[in-house]
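Notes follow once the structure below has been shown.
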Amino acid sequence: MEYLIRFSQSHETFRLPEIQALAIVVGVDMQILHYDLESPFCVVQLPSEDAAKALVQRSILAQSIHEHWGTGDTLDEVHAEVKRKTSQWWPKYKETSFKFSLDAFNGSRSNKQRLALINSFGYLPFDGEIKMVNPEEDFTIFEQWEFQAVPRKLPNPMKVHFGRFIAQSSRDIIQTFDLKKRGYISTTSMDSELALITANIALAAPGKIFYDPFAGTGSFPVACAQWGALGFGSDIDGRSVRGDGEHKSMKGNFEQYGLKSLLGDCFVCDLTNSPVRKARILDGIICDPPYGVREGLKVLGARDPVNQPWVVEKSRVMWNLPEYVPPKKPYSFVAMLDDILQFATDTLVDNGRLSFWMPTANDENQEIGVPQHPCMEIVVVCTQVFNKWSRRLITYRRLPDSEVDQQAVLDWQSREQTSEGITADELNPFRRHYFNGFRTQEAVGSAIDTAPK
Amino acid sequence: MKVLSLNFLTCAVKACKSTSNSYPLHPKDAELVEDDLELNSELLLNIMPRIDWPALSTTATELGFPSLPAQPPTKEELEADAKMLQDLHHLLMETQMMEGKLVCGNCGHEYAVREGIANFLLPAHLV
C-alpha cells in the first residue's frame with residue numbers, strides 16, 4: 001500500500017533518518033518510493049493503515065500521513081490516476097461524512113479557485129454529509145508550487161497529490177516542550193524540537209535505558225522519557241545538575257511534564273573519569289558535548305601540575321571537605337569525541353545507538369571530520385547549517401562483537417593521540433576558527449598586523 | 001540516587017575499575033526515602049539481564065533490606081510473579097538514597113550524596 005507523508009519543510013536532512021528510525025522502533029517494513037529534500041511530500045510503501053498510524057504517531061518532522069490516491073504534474077493527471085487506481089475504494093466512502101481540504105505548499109489559492117479544485121473531484125460518488133468539523137473522512141489536495149510562486153504569479157503548481165487522511169504526528173508537542181515554558185533551562189539547553197528528533201533517531205522507546213553524559217539541564221533525558229525510555233543524565237558541573245531548588249532542577253523538569261517515573265537519575269561526573277560501570281547496560285546515548293564556545297570544554301585535573309604542584313597538594317588535604325571544588329583543565333575537542341565513542345563502545349548493548357551533536361566549519365579547509373571507531377558504525381549524519389558553521393547530528397550503531405574487525409580495534413587503541421597544547425585554543429580547532437570568524441590563519445595574522453596599536 | 005543506579009555505577013578512579021573490590025560502592029550513613037512511582041514492568045523485564053545480581057544483593061543487605069534469593073529470577077518467573085515484580089520495583093526504582101556517602105572498597109575514596117545527587121568528581125591527586 002502506498003502512503004503519502006506530509007513533512008514539515010524544515011531540518012530537511014533529519015526527516016528521512018527520523019522516519020526510518022521510527023520504522024525500526026515500531027517494527028514496520030517501510031520503503032521510500034519518492035522523496036526529495038526540496039519537497040514536503042514523500043511517498044512510501046507500508047504494509048497496512050495501522051502501520052502508517054504507528055509510524056507517524058511520534059514523528060516530529062512529519063505532520064501527517066495520508067492514503068495515497070494519486071500524484072501528477074497536472075490536476076488532470078491526478079484525476080486520471082485516481083480514476084484508474086482507486087475506484088474499488090469508492091463504495092467504502094459512499095455514506096460516510098467527509099470534507100475536502102487544500103494544502104498548497106509555497107503557493108496560494110483564492111476561495112473561488114479552491115472551490116473549483118474541490119469540485120473537479122465531483123465524479124467521486126460520495127453521497128455522505130459534508131462536515132467541515134470532525135468529518136469521518138478527510139480528503140486533501142496537495143499542491144507543490146515552485147519557490148516564490150505567489151510573487152512570480154505562476155499559474156500552476158509543479159506537482160499535485162491527492163490522499164485520504166489517516167493520522168496526525170506528534171509535531172504539536174514541540175509547543176508543550178518549548179524551552180520558553182520550561183521551568184529550568186540554561187544558555188545551552190537544546191531546543192525542544194531537535195531534542196525530541198534526536199531521541200527519535202537514537203530509537204528511544206519504552207523499556208529502554210538512555211544516558212546523556214553532558215546533560216546540563218536535562219533536555220535530552222526529558223526527550224527520551226517523553227518517548228517512554230528511562231532517562232539518565234550527568235554533568236561535570238554540579239550546579240546545573242542540582243539546579244536552584246525544587247522546581248528549578250532537572251528533576252523539576254521531569255515533574256513539569258509528568259514524567260517523574262521515567263527519570264533514571266542525575267549525578268555529577270566527568271566523562272573521562274566516569275563512574276559508569278564498563279558493562280553493556282545502555283540502550284542509547286545522546287548528547288551535545290560542549291564545543292568550548294558558549295560552554296567551556298573541561299575535564300577533571302590540574303591544568304599545569306608541574307609548575308603548580310600546590311593544586312594537587314591542596315586536593316590531598318581538602319578533598320573531603322564539602323566546600324572543596326576539584327580543579328578542571330581545558331581538554332582537546334577531538335579527544336573528547338574519541339572518548340565518547342570509546343565510552344559508547346564499552347556501555348551500549350548490541351545495535352544500541354549513540355547520537356551526538358558536533359560543530360564544524362563550513363569551509364572545507366577548516367572542516368572537522370566525522371569521528372570513527374571500529375566498534376561503532378555510522379548510521380546517518382544530519383546537518384543543521386548556520387552561516388559559516390554547521391552542526392551535525394552523527395548517529396552510530398554499536399556493532400555486535402561478531403561484526404567487529406579485531407585488527408581495527410587494536411589499530412585504534414594504538415593510534416597516535418594528537419592533543420598537544422594546554423590552552424583551550426590550542427586544544428580545540430573549532431573554538432579557534434569560531435573566534436577567528438572562520439578566516440584563514442593568514443587573514444587573521446594580517447588583520448592583527450594592520451590593527452591600530 | 002536510586003538503587004538501580006548503584007548497580008550501574010562504580011568507583012571513578014581508573015585504577016579501581018579493573019579490581020573487583022571497587023564494585024559495588026558501599027553506602028555509608030545512608031538516609032533513604034521511598035518514592036511512589038508507577039510500576040514499569042516492561043522496563044524491569046528488559047533490564048533484569050543487565051543487573052549484576054550479586055552486587056544488588058550486597059547493596060540490598062547493606063541498606064537493610066531482607067536478603068535476596070541467591071539466583072536472579074528468570075524472565076518467566078518475573079512475568080508470573082506480580083509480588084516479586086513489585087518488590088523489585090520497590091527496591092530498584094522507588095528506594096532513593098538522599099544523603100550519605102558511597103565508599104569504594106578498593107581505594108577507600110568516599111563520594112558524597114547530597115539531596116539525592118551523587119558527586120563523582122575526583123580531586124586532582126586521583127585523576
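For the C-alpha cells, the naming scheme is as follows: chains receive sequential letters (A, B, ...) according to their order of presentation, residues are indexed from 1 within each chain, and ligands are indexed from 1 in presentation order.
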As an MDAnalysis selection string, which residues of region 2-77 of chain B does DSSP assign to strand (DSSP E or B)? chainID B and resid 2 9 26:34
Within 7 Å of chain A, which residues of chain B show up? Give each one with its shortest atom-to-atom distance in Å (one decimal) and the two atoms involved, counting only C-alpha atoms, rows by chain then rising residue number, as a Markdown table.
| residue | atom | partner | partner_atom | distance |
| --- | --- | --- | --- | --- |
| B:Met1 | CA | A:Asp265 | CA | 6.1 |
| B:Lys2 | CA | A:Asp265 | CA | 6.8 |
| B:Ser5 | CA | A:Asp265 | CA | 7.0 |
| B:Phe8 | CA | A:Arg277 | CA | 5.6 |
| B:Leu9 | CA | A:Val276 | CA | 4.5 |
| B:Thr10 | CA | A:Pro275 | CA | 5.0 |
| B:Cys11 | CA | A:Pro275 | CA | 5.4 |
| B:Ala12 | CA | A:Pro275 | CA | 4.2 |
| B:Val13 | CA | A:Asn273 | CA | 6.7 |
| B:Lys14 | CA | A:Asn273 | CA | 6.8 |
| B:Leu37 | CA | A:Ser261 | CA | 5.5 |
| B:Glu38 | CA | A:Ser261 | CA | 6.4 |
| B:Glu42 | CA | A:Gly207 | CA | 5.2 |
| B:Leu43 | CA | A:Gly207 | CA | 3.7 |
| B:Asn46 | CA | A:Gly207 | CA | 6.1 |
| B:Arg50 | CA | A:Ile281 | CA | 5.6 |
| B:Ile117 | CA | A:Phe267 | CA | 5.2 |
| B:Ala118 | CA | A:Phe267 | CA | 5.1 |
| B:Asn119 | CA | A:Val268 | CA | 4.7 |
| B:Phe120 | CA | A:Cys269 | CA | 4.9 |
| B:Leu121 | CA | A:Cys269 | CA | 5.2 |
| B:Leu122 | CA | A:Pro326 | CA | 6.5 |
| B:Pro123 | CA | A:Pro326 | CA | 4.9 |
| B:Ala124 | CA | A:Gly301 | CA | 5.0 |
| B:His125 | CA | A:Val312 | CA | 5.3 |
| B:Val127 | CA | A:Gly301 | CA | 5.9 |
I need the residues of region 18-119 of chain B that end up classed as helix (DSSP H, G or I) by DSSP on the backbone, written out as a PyMOL selection string. chain B and resi 20-22+41-50+53-62+75-80+82-94
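Residues with any atom within 9 Å of Pro290 (chain A), counting only C-alpha atoms and excluding same-chain neighbours fewer than 5 positions away, are Thr188, Phe214, Glu295, Gly296, Leu297, Lys298, Phe333 and Met358 of chain A.
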Those selected residues, please, written with N, CA and C atoms and delivered as a PDB file, in the first residue's frame.
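See part-v1.pdb below for the written result:
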ATOM      1  N   THR A 188      22.662  26.839  27.176  1.00  0.00           N
ATOM      2  CA  THR A 188      22.944  25.872  26.110  1.00  0.00           C
ATOM      3  C   THR A 188      21.924  24.744  26.058  1.00  0.00           C
ATOM      4  N   PHE A 214      26.412  14.709  29.097  1.00  0.00           N
ATOM      5  CA  PHE A 214      26.581  16.175  29.161  1.00  0.00           C
ATOM      6  C   PHE A 214      25.192  16.790  29.318  1.00  0.00           C
ATOM      7  N   GLU A 295      30.092  27.083  26.097  1.00  0.00           N
ATOM      8  CA  GLU A 295      30.289  26.294  27.309  1.00  0.00           C
ATOM      9  C   GLU A 295      31.717  25.767  27.248  1.00  0.00           C
ATOM     10  N   GLY A 296      32.490  25.949  28.311  1.00  0.00           N
ATOM     11  CA  GLY A 296      33.880  25.512  28.306  1.00  0.00           C
ATOM     12  C   GLY A 296      33.999  24.007  28.189  1.00  0.00           C
ATOM     13  N   LEU A 297      35.024  23.559  27.442  1.00  0.00           N
ATOM     14  CA  LEU A 297      35.268  22.125  27.312  1.00  0.00           C
ATOM     15  C   LEU A 297      36.336  21.750  28.329  1.00  0.00           C
ATOM     16  N   LYS A 298      35.931  21.223  29.463  1.00  0.00           N
ATOM     17  CA  LYS A 298      36.879  20.943  30.534  1.00  0.00           C
ATOM     18  C   LYS A 298      36.681  19.552  31.101  1.00  0.00           C
ATOM     19  N   PHE A 333      39.078  18.858  21.960  1.00  0.00           N
ATOM     20  CA  PHE A 333      37.759  18.568  21.430  1.00  0.00           C
ATOM     21  C   PHE A 333      37.730  17.218  20.724  1.00  0.00           C
ATOM     22  N   MET A 358      27.944  17.633  16.862  1.00  0.00           N
ATOM     23  CA  MET A 358      29.261  18.272  16.833  1.00  0.00           C
ATOM     24  C   MET A 358      29.282  19.378  15.801  1.00  0.00           C
TER      25      MET A 358
END
- Determine the nearest neighbour of Glu18 (chain A) from the options A:Ala199, A:Pro47, A:Ser110, A:Arg84, counting only C-alpha atoms.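 Comparing A:Ala199, A:Pro47, A:Ser110, A:Arg84 against Glu18 (chain A), the winner is A:Ala199.
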Subject >> Near-Leu39 (chain B) list (10 Å; only C-alpha atoms; drop same-chain fewer than 5 positions) as an MDAnalysis selection string >> reply: (chainID A and resid 261) or (chainID B and resid 44 85:86 88:90 93:94)
Considering only C-alpha atoms, can you say which of A:Ser64, A:Ser240, A:Ser108, A:Thr13 comes closest to Ile166 (chain A)?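 Ranking A:Ser64, A:Ser240, A:Ser108, A:Thr13 by distance to Ile166 (chain A), first place goes to A:Ser64.
Residues in contact with Pro49 (chain B) at up to 10 Å, not including ones fewer than 4 positions away on its chain and judged by only C-alpha atoms, are A:Ile281, B:Leu44, B:Leu45, B:Trp53, B:Pro72, B:Pro73, B:Thr74, B:Lys75.
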Restricted to C-alpha atoms, what would the selected residues look like written as a compact mmCIF listing (two decimals), in the first residue's frame?
# COMPACT_ATOMS: atom_id res chain seq x y z
CA ILE A 281 23.88 -1.74 30.04
CA LEU B 44 12.10 -4.15 34.70
CA LEU B 45 11.87 -7.20 32.46
CA TRP B 53 22.66 -9.75 40.87
CA PRO B 72 18.15 -13.78 39.90
CA PRO B 73 14.60 -14.58 38.80
CA THR B 74 14.21 -15.57 35.18
CA LYS B 75 12.03 -13.55 32.84
Query raised in the report: Skipping near chain neighbours, those fewer than 2 positions away, what residues fall within 8 Å of region 22-26 of chain B using only C-alpha atoms, listed as a PyMOL selection string?
Result: chain B and resi 6-7+9-11+16-17+19-20+28+55+58-59+62+102-107
re CA of Thr450 (chain A) and CA of Gln366 (chain A): distance 23.9 Å
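Residue nearest Gly183 (chain A), chosen from A:Gly122, A:Ala225, A:Gly163, A:Glu255 and counting only C-alpha atoms: A:Glu255.
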> Out of A:Gln63, A:Asn106, A:Ser8, A:Ser39, which residue has the shortest atom-to-atom distance to Asn156 (chain A) when counting only C-alpha atoms?
Replying inline: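 Counting only C-alpha atoms, the residue closest to Asn156 (chain A) is A:Asn106.
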